[in-house]
file input-v9.tsv (TSV, C-alpha atoms)
chain	number	residue	atom	x	y	z
B	1	MET	CA	0.00	0.00	0.00
B	2	ARG	CA	1.35	3.37	-0.90
B	3	SER	CA	0.59	6.33	1.32
B	4	ALA	CA	-2.62	8.23	0.69
B	5	ARG	CA	-1.83	11.73	-0.53
B	6	ALA	CA	-2.66	14.61	1.75
B	7	GLU	CA	-1.53	18.17	2.10
B	8	SER	CA	0.78	18.61	5.07
B	9	SER	CA	-0.51	20.75	7.90
B	10	ARG	CA	1.27	22.58	10.67
B	11	PRO	CA	0.06	22.84	14.26
B	12	VAL	CA	-2.16	25.85	14.85
B	13	ARG	CA	-1.26	27.84	17.91
B	14	VAL	CA	-4.25	29.38	19.64
B	15	ALA	CA	-3.82	32.31	22.03
B	16	LEU	CA	-6.55	32.81	24.59
B	17	GLY	CA	-7.91	36.35	24.85
B	18	LEU	CA	-7.25	38.26	28.06
B	19	ALA	CA	-10.94	38.36	28.88
B	20	LEU	CA	-11.27	34.60	28.64
B	21	VAL	CA	-8.14	34.04	30.73
B	22	ALA	CA	-9.49	36.39	33.38
B	23	THR	CA	-12.81	34.56	33.42
B	24	LEU	CA	-11.19	31.15	33.76
B	25	THR	CA	-8.81	32.19	36.54
B	26	ALA	CA	-11.10	34.48	38.55
B	27	GLY	CA	-11.03	33.52	42.19
B	28	CYS	CA	-8.21	31.01	41.73
B	29	SER	CA	-5.34	32.59	43.58
B	30	ASP	CA	-3.28	29.38	43.40
B	31	SER	CA	-3.77	28.73	39.65
B	32	TYR	CA	-0.53	27.91	37.86
B	33	ARG	CA	0.73	30.28	35.18
B	34	PRO	CA	3.57	28.75	33.12
B	35	PRO	CA	6.51	31.11	32.77
B	36	ALA	CA	8.00	32.23	29.47
B	37	PRO	CA	11.15	30.37	28.28
B	38	GLY	CA	14.00	31.37	30.56
B	39	ALA	CA	11.82	33.10	33.13
B	40	THR	CA	12.85	30.69	35.87
B	41	THR	CA	16.51	31.53	35.22
B	42	GLY	CA	16.15	35.29	34.93
B	43	ALA	CA	17.36	35.21	31.32
B	44	SER	CA	15.55	37.13	28.60
B	45	PRO	CA	13.70	35.15	25.87
B	46	ALA	CA	16.22	36.47	23.33
B	47	ASP	CA	19.14	35.15	25.37
B	48	VAL	CA	17.44	31.79	25.83
B	49	GLU	CA	16.75	31.51	22.09
B	50	ALA	CA	20.36	32.37	21.22
B	51	ARG	CA	21.58	29.76	23.68
B	52	ALA	CA	19.14	27.20	22.24
B	53	VAL	CA	20.50	27.83	18.75
B	54	ARG	CA	24.02	27.05	20.00
B	55	THR	CA	22.75	23.96	21.81
B	56	LEU	CA	21.17	22.69	18.60
B	57	GLU	CA	24.49	23.18	16.81
B	58	GLU	CA	26.15	21.08	19.51
B	59	LEU	CA	23.39	18.47	19.26
B	60	GLN	CA	23.86	18.35	15.50
B	61	ALA	CA	27.57	17.67	15.98
B	62	ALA	CA	26.82	15.00	18.58
B	63	LEU	CA	24.41	13.21	16.24
B	64	ARG	CA	26.90	13.32	13.39
B	65	THR	CA	29.97	12.19	15.33
B	66	GLY	CA	28.77	10.64	18.58
B	67	ASP	CA	30.96	13.09	20.53
B	68	GLY	CA	29.90	15.69	23.09
B	69	ILE	CA	26.73	13.87	24.13
B	70	ALA	CA	27.19	14.38	27.87
B	71	ALA	CA	27.70	18.12	27.41
B	72	VAL	CA	24.58	18.64	25.33
B	73	ALA	CA	22.21	16.46	27.41
B	74	ALA	CA	20.54	17.71	30.58
B	75	ASP	CA	20.46	14.33	32.33
B	76	ASP	CA	21.13	10.61	31.89
B	77	ARG	CA	17.81	9.98	30.19
B	78	ALA	CA	18.42	12.68	27.60
B	79	ALA	CA	21.99	11.45	27.11
B	80	SER	CA	20.70	7.94	26.40
B	81	ALA	CA	18.26	9.27	23.81
B	82	VAL	CA	20.93	11.34	22.05
B	83	ALA	CA	23.40	8.45	22.17
B	84	ALA	CA	20.84	6.06	20.66
B	85	ALA	CA	20.09	8.49	17.82
B	86	ALA	CA	23.80	9.05	17.16
B	87	ASP	CA	24.34	5.28	17.10
B	88	ASN	CA	21.52	4.91	14.56
B	89	VAL	CA	23.10	7.63	12.43
B	90	GLU	CA	26.43	5.83	12.40
B	91	ARG	CA	25.18	2.29	11.77
B	92	ALA	CA	22.59	3.25	9.15
B	93	ASP	CA	25.05	5.65	7.48
B	94	ILE	CA	22.74	8.65	7.71
B	95	ASP	CA	24.26	11.87	6.43
B	96	LYS	CA	23.15	15.47	5.81
B	97	VAL	CA	21.92	15.63	9.43
B	98	SER	CA	21.18	19.22	10.37
B	99	LEU	CA	19.06	21.04	12.97
B	100	ARG	CA	17.70	24.57	12.56
B	101	PHE	CA	15.81	26.42	15.28
B	102	LEU	CA	12.42	27.70	14.10
B	103	ASP	CA	10.58	28.86	17.20
B	104	ALA	CA	9.53	28.07	20.75
B	105	GLY	CA	6.58	25.81	20.14
B	106	GLY	CA	4.16	25.64	23.06
B	107	ARG	CA	4.28	26.83	26.66
B	108	PRO	CA	7.01	25.88	29.15
B	109	GLN	CA	6.47	23.11	31.68
B	110	GLU	CA	6.48	23.67	35.44
B	111	ASN	CA	10.21	23.03	35.65
B	112	GLY	CA	10.82	25.66	32.97
B	113	SER	CA	11.76	23.25	30.16
B	114	TRP	CA	10.18	24.11	26.83
B	115	ASP	CA	9.70	22.70	23.34
B	116	ALA	CA	11.67	24.08	20.44
B	117	THR	CA	10.27	23.55	16.96
B	118	VAL	CA	13.23	22.49	14.83
B	119	GLU	CA	13.74	21.77	11.14
B	120	LEU	CA	15.56	18.45	10.88
B	121	THR	CA	17.19	17.22	7.67
B	122	TRP	CA	18.73	13.83	6.93
B	123	ARG	CA	19.47	11.31	4.16
B	124	PHE	CA	20.24	7.59	4.08
B	125	ARG	CA	23.46	7.50	2.10
B	126	GLY	CA	23.34	5.15	-0.88
B	127	TYR	CA	19.55	4.73	-0.73
B	128	ASP	CA	17.85	8.14	-0.75
B	129	ARG	CA	17.95	10.40	-3.78
B	130	GLY	CA	17.31	13.59	-1.88
B	131	VAL	CA	17.31	15.00	1.63
B	132	ALA	CA	14.30	14.58	3.91
B	133	ARG	CA	12.97	17.50	5.97
B	134	ARG	CA	10.68	17.42	8.98
B	135	GLU	CA	9.65	19.84	11.72
B	136	VAL	CA	10.38	18.00	14.97
B	137	THR	CA	10.28	18.83	18.66
B	138	VAL	CA	13.43	19.12	20.77
B	139	THR	CA	12.74	19.85	24.44
B	140	MET	CA	15.20	22.30	25.99
B	141	ALA	CA	16.14	23.07	29.57
B	142	ALA	CA	14.83	26.37	30.93
B	143	ASP	CA	17.95	28.31	29.93
B	144	GLY	CA	18.22	26.66	26.50
B	145	GLY	CA	21.66	25.34	27.36
B	146	THR	CA	20.92	21.61	27.24
B	147	VAL	CA	18.49	19.12	25.67
B	148	THR	CA	16.03	17.23	27.86
B	149	ALA	CA	14.24	15.14	25.19
B	150	LEU	CA	14.10	14.39	21.45
B	151	GLY	CA	10.59	14.33	20.02
B	152	GLY	CA	7.52	14.73	22.15
B	153	GLY	CA	3.92	13.59	22.40
B	154	GLU	CA	2.40	12.96	19.00
B	155	ALA	CA	4.87	15.23	17.21
B	156	ALA	CA	6.44	14.01	13.98
B	157	THR	CA	9.62	12.08	14.78
B	158	PRO	CA	11.63	9.94	12.33
B	159	LEU	CA	12.22	6.45	13.63
B	160	TRP	CA	16.00	6.81	13.81
B	161	LEU	CA	15.63	9.84	16.10
B	162	ALA	CA	13.01	8.24	18.32
B	163	GLN	CA	14.52	5.01	19.67
B	164	PRO	CA	17.43	2.55	19.60
B	165	LEU	CA	17.26	0.41	16.46
B	166	ALA	CA	18.63	-2.84	15.13
B	167	VAL	CA	20.18	-2.28	11.69
B	168	ARG	CA	20.84	-4.89	9.00
B	169	ARG	CA	22.14	-4.59	5.46
B	170	VAL	CA	21.49	-7.13	2.72
B	171	PRO	CA	22.02	-6.77	-1.03
B	172	GLY	CA	19.64	-4.04	-2.19
B	173	ALA	CA	18.06	-3.34	1.19
B	174	LEU	CA	18.64	-1.54	4.47
B	175	VAL	CA	16.48	-2.64	7.40
B	176	LEU	CA	15.93	-0.63	10.59
B	177	ALA	CA	13.78	-2.16	13.29
B	178	ALA	CA	12.81	-1.73	16.91
B	179	ARG	CA	15.01	-3.89	19.14
B	180	SER	CA	12.02	-6.14	19.91
B	181	THR	CA	11.69	-7.11	16.23
B	182	ASP	CA	13.28	-10.12	14.50
B	183	VAL	CA	15.43	-7.99	12.24
B	184	THR	CA	17.21	-11.02	10.75
B	185	ALA	CA	13.95	-12.43	9.40
B	186	LEU	CA	12.93	-9.02	8.07
B	187	ALA	CA	16.26	-8.62	6.30
B	188	ALA	CA	15.89	-12.02	4.64
B	189	ARG	CA	12.44	-11.10	3.35
B	190	ALA	CA	13.68	-7.71	2.16
B	191	ARG	CA	16.49	-9.42	0.24
B	192	ASP	CA	14.04	-11.86	-1.37
B	193	ALA	CA	11.69	-9.00	-2.23
B	194	VAL	CA	14.43	-7.02	-3.97
B	195	ASP	CA	15.40	-10.14	-5.92
B	196	GLN	CA	11.78	-10.81	-6.96
B	197	VAL	CA	11.21	-7.25	-8.09
B	198	GLY	CA	14.49	-7.23	-9.99
B	199	ALA	CA	13.55	-10.47	-11.77
B	200	VAL	CA	10.40	-8.81	-13.14
B	201	LEU	CA	11.51	-5.23	-13.68
B	202	GLY	CA	15.22	-5.73	-14.30
B	203	GLY	CA	17.90	-3.53	-12.85
B	204	SER	CA	19.11	-3.40	-9.27
B	205	GLY	CA	16.63	-1.44	-7.19
B	206	LYS	CA	17.21	-0.52	-3.55
B	207	MET	CA	14.86	-0.03	-0.66
B	208	VAL	CA	14.82	1.00	3.01
B	209	LEU	CA	12.54	-0.94	5.33
B	210	GLU	CA	11.59	0.59	8.69
B	211	ALA	CA	9.86	-1.46	11.41
B	212	PRO	CA	8.66	0.68	14.36
B	213	GLY	CA	7.93	-0.87	17.73
B	214	SER	CA	4.41	0.57	17.99
B	215	THR	CA	1.65	2.00	15.83
B	216	GLY	CA	2.21	5.32	17.59
B	217	ALA	CA	5.82	5.36	16.42
B	218	LEU	CA	4.62	4.47	12.90
B	219	HIS	CA	2.21	7.39	12.77
B	220	ARG	CA	4.79	9.79	14.24
B	221	ALA	CA	7.38	8.66	11.68
B	222	LEU	CA	4.92	9.47	8.89
B	223	ASP	CA	3.43	12.52	10.64
B	224	ALA	CA	0.02	10.89	10.17
B	225	PRO	CA	-3.02	11.27	12.46
B	226	PRO	CA	-3.37	8.40	14.94
B	227	GLY	CA	-5.41	5.56	13.45
B	228	THR	CA	-4.56	6.30	9.82
B	229	TYR	CA	-2.73	3.02	9.24
B	230	ASP	CA	-4.12	0.90	12.07
B	231	THR	CA	-5.55	-1.80	9.79
B	232	VAL	CA	-2.82	-2.14	7.14
B	233	ALA	CA	0.24	-4.36	7.38
B	234	ALA	CA	2.61	-1.94	5.67
B	235	VAL	CA	2.77	1.34	3.82
B	236	THR	CA	5.29	2.87	1.42
B	237	ALA	CA	5.58	6.64	1.62
B	238	PRO	CA	7.90	9.62	1.33
B	239	VAL	CA	9.55	9.86	4.74
B	240	ASP	CA	8.80	13.58	5.00
B	241	GLY	CA	5.54	13.71	3.08
B	242	ALA	CA	7.08	15.49	0.08
B	243	LEU	CA	5.96	14.50	-3.41
B	244	THR	CA	9.04	15.75	-5.24
B	245	SER	CA	10.95	13.61	-7.72
B	246	ASP	CA	13.88	13.13	-5.32
B	247	ALA	CA	11.88	12.64	-2.11
B	248	PRO	CA	13.18	9.67	-0.05
B	249	VAL	CA	10.62	6.83	-0.21
B	250	HIS	CA	10.72	4.05	2.41
B	251	VAL	CA	8.66	1.01	3.38
B	252	PHE	CA	7.13	1.09	6.89
B	253	LEU	CA	5.68	-1.95	8.67
B	254	ASN	CA	2.76	-1.82	11.11
B	255	PRO	CA	3.76	-3.81	14.23
B	256	ALA	CA	0.10	-4.34	15.14
B	257	VAL	CA	-0.70	-6.20	11.90
B	258	TYR	CA	2.40	-7.46	10.09
B	259	PRO	CA	3.64	-9.92	12.79
B	260	ASP	CA	0.32	-11.81	12.63
B	261	LEU	CA	0.77	-12.70	8.94
B	262	ASP	CA	1.83	-16.20	7.96
B	263	PRO	CA	5.26	-16.44	6.27
B	264	LEU	CA	3.85	-16.46	2.73
B	265	ALA	CA	1.62	-13.45	3.32
B	266	ALA	CA	4.46	-11.61	5.06
B	267	GLN	CA	6.70	-12.10	2.02
B	268	VAL	CA	3.95	-11.01	-0.37
B	269	VAL	CA	3.43	-7.82	1.66
B	270	ILE	CA	7.11	-6.87	1.65
B	271	THR	CA	7.51	-7.67	-2.05
B	272	HIS	CA	4.40	-5.60	-2.83
B	273	GLU	CA	5.80	-2.63	-0.90
B	274	THR	CA	9.21	-3.06	-2.50
B	275	VAL	CA	7.60	-2.57	-5.92
B	276	HIS	CA	6.24	0.76	-4.68
B	277	ALA	CA	9.62	1.79	-3.26
B	278	VAL	CA	11.74	0.74	-6.24
B	279	THR	CA	9.40	2.34	-8.78
B	280	ARG	CA	8.79	5.37	-6.53
B	281	ALA	CA	5.04	5.03	-6.99
B	282	PRO	CA	4.09	7.23	-3.99
B	283	VAL	CA	5.52	10.34	-5.65
B	284	ALA	CA	4.01	9.59	-9.08
B	285	THR	CA	0.55	10.39	-10.43
B	286	ALA	CA	-1.23	7.23	-11.55
B	287	PRO	CA	-4.54	5.48	-10.89
B	288	LEU	CA	-4.31	3.62	-7.60
B	289	TRP	CA	-5.80	0.46	-9.11
B	290	LEU	CA	-2.79	0.26	-11.46
B	291	VAL	CA	-0.27	1.10	-8.73
B	292	GLU	CA	-1.66	-1.43	-6.25
B	293	GLY	CA	-2.65	-4.03	-8.82
B	294	PHE	CA	0.79	-4.02	-10.41
B	295	ALA	CA	2.51	-4.34	-7.04
B	296	ASP	CA	0.36	-7.39	-6.29
B	297	TYR	CA	1.02	-8.75	-9.78
B	298	VAL	CA	4.76	-8.78	-9.07
B	299	ALA	CA	4.35	-10.05	-5.49
B	300	LEU	CA	2.03	-12.92	-6.53
B	301	ARG	CA	3.65	-13.73	-9.88
B	302	ASP	CA	5.55	-16.79	-8.67
B	303	VAL	CA	3.24	-17.74	-5.81
B	304	ASP	CA	1.21	-20.91	-6.36
B	305	LEU	CA	-2.14	-20.07	-4.81
B	306	PRO	CA	-5.66	-20.87	-5.98
B	307	TYR	CA	-7.86	-17.92	-6.90
B	308	ALA	CA	-10.11	-18.89	-4.01
B	309	ARG	CA	-7.35	-17.64	-1.70
B	310	SER	CA	-5.66	-14.90	-3.71
B	311	ALA	CA	-8.98	-13.36	-4.86
B	312	GLY	CA	-11.50	-14.86	-2.44
B	313	GLN	CA	-12.96	-11.58	-1.20
B	314	ILE	CA	-13.74	-10.11	-4.61
B	315	ILE	CA	-15.06	-13.48	-5.84
B	316	ASP	CA	-17.50	-13.62	-2.92
B	317	GLN	CA	-18.52	-10.01	-3.54
B	318	VAL	CA	-19.19	-10.61	-7.24
B	319	ALA	CA	-21.12	-13.81	-6.51
B	320	ALA	CA	-23.36	-11.87	-4.13
B	321	GLN	CA	-23.66	-8.52	-5.92
B	322	GLY	CA	-22.51	-9.01	-9.50
B	323	ALA	CA	-19.43	-7.59	-11.15
B	324	PRO	CA	-18.61	-3.88	-10.63
B	325	ARG	CA	-19.18	-1.64	-13.63
B	326	SER	CA	-15.85	0.17	-13.43
B	327	LEU	CA	-12.29	-0.36	-12.28
B	328	PRO	CA	-11.61	0.37	-8.57
B	329	SER	CA	-11.55	4.08	-7.81
B	330	ASP	CA	-8.85	5.82	-5.79
B	331	ALA	CA	-11.36	6.32	-2.98
B	332	ALA	CA	-12.11	2.58	-2.88
B	333	LEU	CA	-8.40	1.92	-2.32
B	334	ASN	CA	-8.03	4.39	0.54
B	335	PRO	CA	-6.67	2.71	3.70
B	336	SER	CA	-9.89	3.56	5.58
B	337	ALA	CA	-12.28	2.32	2.87
B	338	ASP	CA	-14.66	-0.57	3.52
B	339	GLY	CA	-13.94	-3.79	1.65
B	340	LEU	CA	-10.35	-2.79	1.01
B	341	GLY	CA	-9.14	-6.37	0.53
B	342	ALA	CA	-11.67	-7.05	-2.23
B	343	GLN	CA	-10.65	-3.85	-4.03
B	344	TYR	CA	-6.99	-4.84	-3.96
B	345	GLU	CA	-7.83	-8.23	-5.39
B	346	ALA	CA	-9.92	-6.58	-8.10
B	347	ALA	CA	-7.03	-4.26	-9.01
B	348	TRP	CA	-4.66	-7.23	-9.19
B	349	LEU	CA	-7.01	-9.10	-11.53
B	350	ALA	CA	-7.16	-6.08	-13.84
B	351	CYS	CA	-3.38	-6.28	-14.20
B	352	VAL	CA	-3.58	-10.05	-14.71
B	353	ALA	CA	-6.10	-9.43	-17.50
B	354	LEU	CA	-3.70	-6.96	-19.16
B	355	ALA	CA	-0.77	-9.39	-18.95
B	356	ASP	CA	-2.85	-12.26	-20.32
B	357	HIS	CA	-3.97	-10.11	-23.24
B	358	ALA	CA	-0.76	-8.31	-24.24
B	359	GLY	CA	2.02	-10.07	-22.32
B	360	GLU	CA	3.91	-9.28	-19.14
B	361	GLN	CA	6.33	-6.88	-20.79
B	362	ALA	CA	3.44	-4.83	-22.16
B	363	LEU	CA	2.02	-4.56	-18.64
B	364	ILE	CA	5.41	-3.44	-17.31
B	365	ASP	CA	5.82	-0.89	-20.10
B	366	LEU	CA	2.30	0.44	-19.53
B	367	TYR	CA	2.92	0.77	-15.79
B	368	ARG	CA	6.17	2.65	-16.30
B	369	ALA	CA	4.62	4.90	-18.92
B	370	VAL	CA	1.70	5.91	-16.68
B	371	LEU	CA	4.00	6.52	-13.71
B	372	GLY	CA	6.10	8.65	-16.06
B	373	GLY	CA	3.13	10.88	-16.91
B	374	ALA	CA	1.31	9.19	-19.78
B	375	THR	CA	-2.46	8.90	-19.52
B	376	LEU	CA	-3.97	5.47	-19.09
B	377	ASP	CA	-5.70	5.80	-22.47
B	378	GLU	CA	-2.41	6.60	-24.19
B	379	ALA	CA	-0.53	3.75	-22.54
B	380	LEU	CA	-3.30	1.21	-23.22
B	381	ASP	CA	-3.36	2.17	-26.88
B	382	GLN	CA	0.42	2.03	-27.23
B	383	TYR	CA	1.15	-1.20	-25.39
B	384	THR	CA	-2.03	-3.30	-25.43
B	385	ASP	CA	-4.23	-2.09	-28.32
B	386	TRP	CA	-7.08	-1.87	-25.81
B	387	THR	CA	-9.24	0.98	-24.58
B	388	VAL	CA	-10.36	1.44	-20.99
B	389	ASP	CA	-13.71	-0.03	-22.02
B	390	ASP	CA	-11.99	-3.08	-23.50
B	391	LEU	CA	-9.98	-3.60	-20.32
B	392	THR	CA	-13.05	-3.14	-18.13
B	393	ALA	CA	-15.08	-5.63	-20.16
B	394	ALA	CA	-12.33	-8.26	-20.05
B	395	TRP	CA	-11.82	-7.70	-16.34
B	396	ARG	CA	-15.55	-7.96	-15.58
B	397	GLY	CA	-15.74	-11.16	-17.60
B	398	ARG	CA	-12.89	-12.65	-15.60
B	399	LEU	CA	-14.57	-11.71	-12.33
B	400	LEU	CA	-17.86	-13.29	-13.42
B	401	ASP	CA	-16.08	-16.45	-14.54
B	402	LEU	CA	-14.27	-16.76	-11.22
B	403	ALA	CA	-17.49	-16.19	-9.30
B	404	GLY	CA	-19.31	-18.78	-11.37
B	405	ALA	CA	-21.97	-16.20	-12.16
B	406	ARG	CA	-21.75	-16.51	-15.90

call {"tool": "encode", "arguments": {"input": "input-v9.tsv", "output": "structure tokens"}}
result
Amino acid sequence: MRSARAESSRPVRVALGLALVATLTAGCSDSYRPPAPGATTGASPADVEARAVRTLEELQAALRTGDGIAAVAADDRAASAVAAAADNVERADIDKVSLRFLDAGGRPQENGSWDATVELTWRFRGYDRGVARREVTVTMAADGGTVTALGGGEAATPLWLAQPLAVRRVPGALVLAARSTDVTALAARARDAVDQVGAVLGGSGKMVLEAPGSTGALHRALDAPPGTYDTVAAVTAPVDGALTSDAPVHVFLNPAVYPDLDPLAAQVVITHETVHAVTRAPVATAPLWLVEGFADYVALRDVDLPYARSAGQIIDQVAAQGAPRSLPSDAALNPSADGLGAQYEAAWLACVALADHAGEQALIDLYRAVLGGATLDEALDQYTDWTVDDLTAAWRGRLLDLAGAR
């Protein structure tokens, strides 16, 4: 599954009017009023901000080199978090790491510590085309001189910055996983997926596979609202939400769903997502039925399964309701849509119909052409001598045959 497209949004800061504040606090002589950054130290906000900028420069150096961690961290807990992130940077070969202070996001806590909104950049060397950018939270001590935490609450936080990770490299793939995950098994499946995709598409594609330890970490890594990917096993998406041609695109596993898959299904899922990553489908404009159907075509190509298992949901749906009149819409393939499994199977069968009619290479060429900007009509005419109506009719006929409704 590739990530659903959505415009990025930034947190909206709401300031309460003086009248409302007065109303809420009237008669409450002991109500707590959080101080401004630096107030507990007697420093001016400007001085605190200047000190925070220097602290971020020191944190940047610590993440890049692993040195100076004790000096930049406020306590042992913060030092452990910075050390874990620096270790991830080294072992995953992350470069272009930079931190830029944007503003003081939110109100200080009782102890005076406060959240700095920071622009973070990074790149996985050898795998990412471009540099990723995210606004993240770095919690600062009251005077801005040390760091007390990396990330915070539901704020966007890339996985490598959020927790200690196990890192494995196999030909064509880099795997980063929470320490509780069987990273060796994941790496083996990633290697097989890259090999399977290469056998169909040719070339030597590469992918990065990230396996968070919780669904919360998954949603924070993708800066997605909680619940967005609760029911899917995996998603392939730009790591910073950008849709540019050089945006880094990674595969992310959902730890609440993926571990429950049997070995065959687990391999199919990772191969499917690898197709998205290698062909950079999430940053292309193409009908979702083609994107998802083609990924399943590659993932299921050499799997010996009866249609009753590989297309059981759509077969049951057609037997009960008849064949749909049109190919699956983008809305029907949204992660939150009802009957998502049946729609995926229907998209896969549309690609099977194309390959049976014009050959596998024609399907591959059509897929690449549409991802490259050609319209579906143009690509169908060039590579299959079909129209959309021809494809739809052949696909509906196949569905009716499989459902025994003809």

call {"tool": "residues_around", "arguments": {"input": "input-v9.tsv", "residues": "segment 58-75 of chain B", "least_positions_apart": "2", "cutoff": "6 Å", "atoms": "all atoms listed in the file", "output": "ChimeraX atom specification"}}
result
/B:55-56,77-79,86,98,146-148

call {"tool": "closest_residue", "arguments": {"input": "input-v9.tsv", "among": "B:Leu290, B:Ala185, B:Ala221, B:Leu371", "to": "Ala132 of chain B", "atoms": "all atoms listed in the file"}}
result
B:Ala221

call {"tool": "residues_around", "arguments": {"input": "input-v9.tsv", "residues": "Glu135 of chain B", "least_positions_apart": "2", "cutoff": "8 Å", "atoms": "all atoms listed in the file", "output": "list in words"}}
result
Thr117, Val118, Glu119, Leu120, Arg133, Thr137 and Ala156 of chain B

call {"tool": "closest_residue", "arguments": {"input": "input-v9.tsv", "among": "B:Asp240, B:Glu110, B:Glu210, B:Asp230", "to": "Val131 of chain B", "atoms": "all atoms listed in the file"}}
result
B:Asp240

call {"tool": "closest_residue", "arguments": {"input": "input-v9.tsv", "among": "B:Ala265, B:Leu222, B:Val53, B:Ala188", "to": "Val138 of chain B", "atoms": "all atoms listed in the file"}}
result
B:Val53

call {"tool": "residues_around", "arguments": {"input": "input-v9.tsv", "residues": "Ala331 of chain B", "least_positions_apart": "5", "cutoff": "12 Å", "atoms": "all atoms listed in the file", "output": "PDB file with C-alpha atoms, keeping the file's coordinate frame"}}
result
ATOM      1  CA  ALA B   4      -2.620   8.230   0.690  1.00  0.00           C
ATOM      2  CA  ARG B   5      -1.830  11.730  -0.530  1.00  0.00           C
ATOM      3  CA  PRO B 287      -4.540   5.480 -10.890  1.00  0.00           C
ATOM      4  CA  LEU B 288      -4.310   3.620  -7.600  1.00  0.00           C
ATOM      5  CA  TRP B 289      -5.800   0.460  -9.110  1.00  0.00           C
ATOM      6  CA  SER B 336      -9.890   3.560   5.580  1.00  0.00           C
ATOM      7  CA  ALA B 337     -12.280   2.320   2.870  1.00  0.00           C
ATOM      8  CA  ASP B 338     -14.660  -0.570   3.520  1.00  0.00           C
ATOM      9  CA  GLY B 339     -13.940  -3.790   1.650  1.00  0.00           C
ATOM     10  CA  LEU B 340     -10.350  -2.790   1.010  1.00  0.00           C
ATOM     11  CA  GLN B 343     -10.650  -3.850  -4.030  1.00  0.00           C
TER      12      GLN B 343
END

call {"tool": "residues_around", "arguments": {"input": "input-v9.tsv", "residues": "Tyr367 of chain B", "least_positions_apart": "4", "cutoff": "9 Å", "atoms": "all atoms listed in the file", "output": "list in words"}}
result
Ala286, Leu290, Val291, Phe294, Ala362, Leu363, Leu371, Gly372, Leu376 and Ala379 of chain B

call {"tool": "closest_residue", "arguments": {"input": "input-v9.tsv", "among": "B:Thr274, B:Thr236, B:Asn254, B:Thr121", "to": "Asp195 of chain B", "atoms": "all atoms listed in the file"}}
result
B:Thr274

call {"tool": "closest_residue", "arguments": {"input": "input-v9.tsv", "among": "B:Asp192, B:Asp246, B:Asp93, B:Glu154", "to": "Gly216 of chain B", "atoms": "all atoms listed in the file"}}
result
B:Glu154

call {"tool": "atom_distance", "arguments": {"input": "input-v9.tsv", "atom1": "atom CA of Leu399 of chain B", "atom2": "atom CA of Val352 of chain B"}}
result
11.4 Å

call {"tool": "atom_distance", "arguments": {"input": "input-v9.tsv", "atom1": "atom CA of Ala211 of chain B", "atom2": "atom CA of Thr228 of chain B"}}
result
16.5 Å

call {"tool": "closest_residue", "arguments": {"input": "input-v9.tsv", "among": "B:Val232, B:Ala142, B:Val278, B:Ala266", "to": "His250 of chain B", "atoms": "all atoms listed in the file"}}
result
B:Val278

call {"tool": "atom_distance", "arguments": {"input": "input-v9.tsv", "atom1": "atom CA of His272 of chain B", "atom2": "atom CA of Gly404 of chain B"}}
result
28.4 Å

call {"tool": "residues_around", "arguments": {"input": "input-v9.tsv", "residues": "Tyr307 of chain B", "least_positions_apart": "2", "cutoff": "12 Å", "atoms": "only C-alpha atoms", "output": "count of residues only"}}
result
22

call {"tool": "residues_near_point", "arguments": {"input": "input-v9.tsv", "point": "(17.7, 1.9, 6.7)", "cutoff": "6 Å", "atoms": "all atoms listed in the file", "output": "MDAnalysis selection string"}}
result
chainID B and resid 92 174:176 208
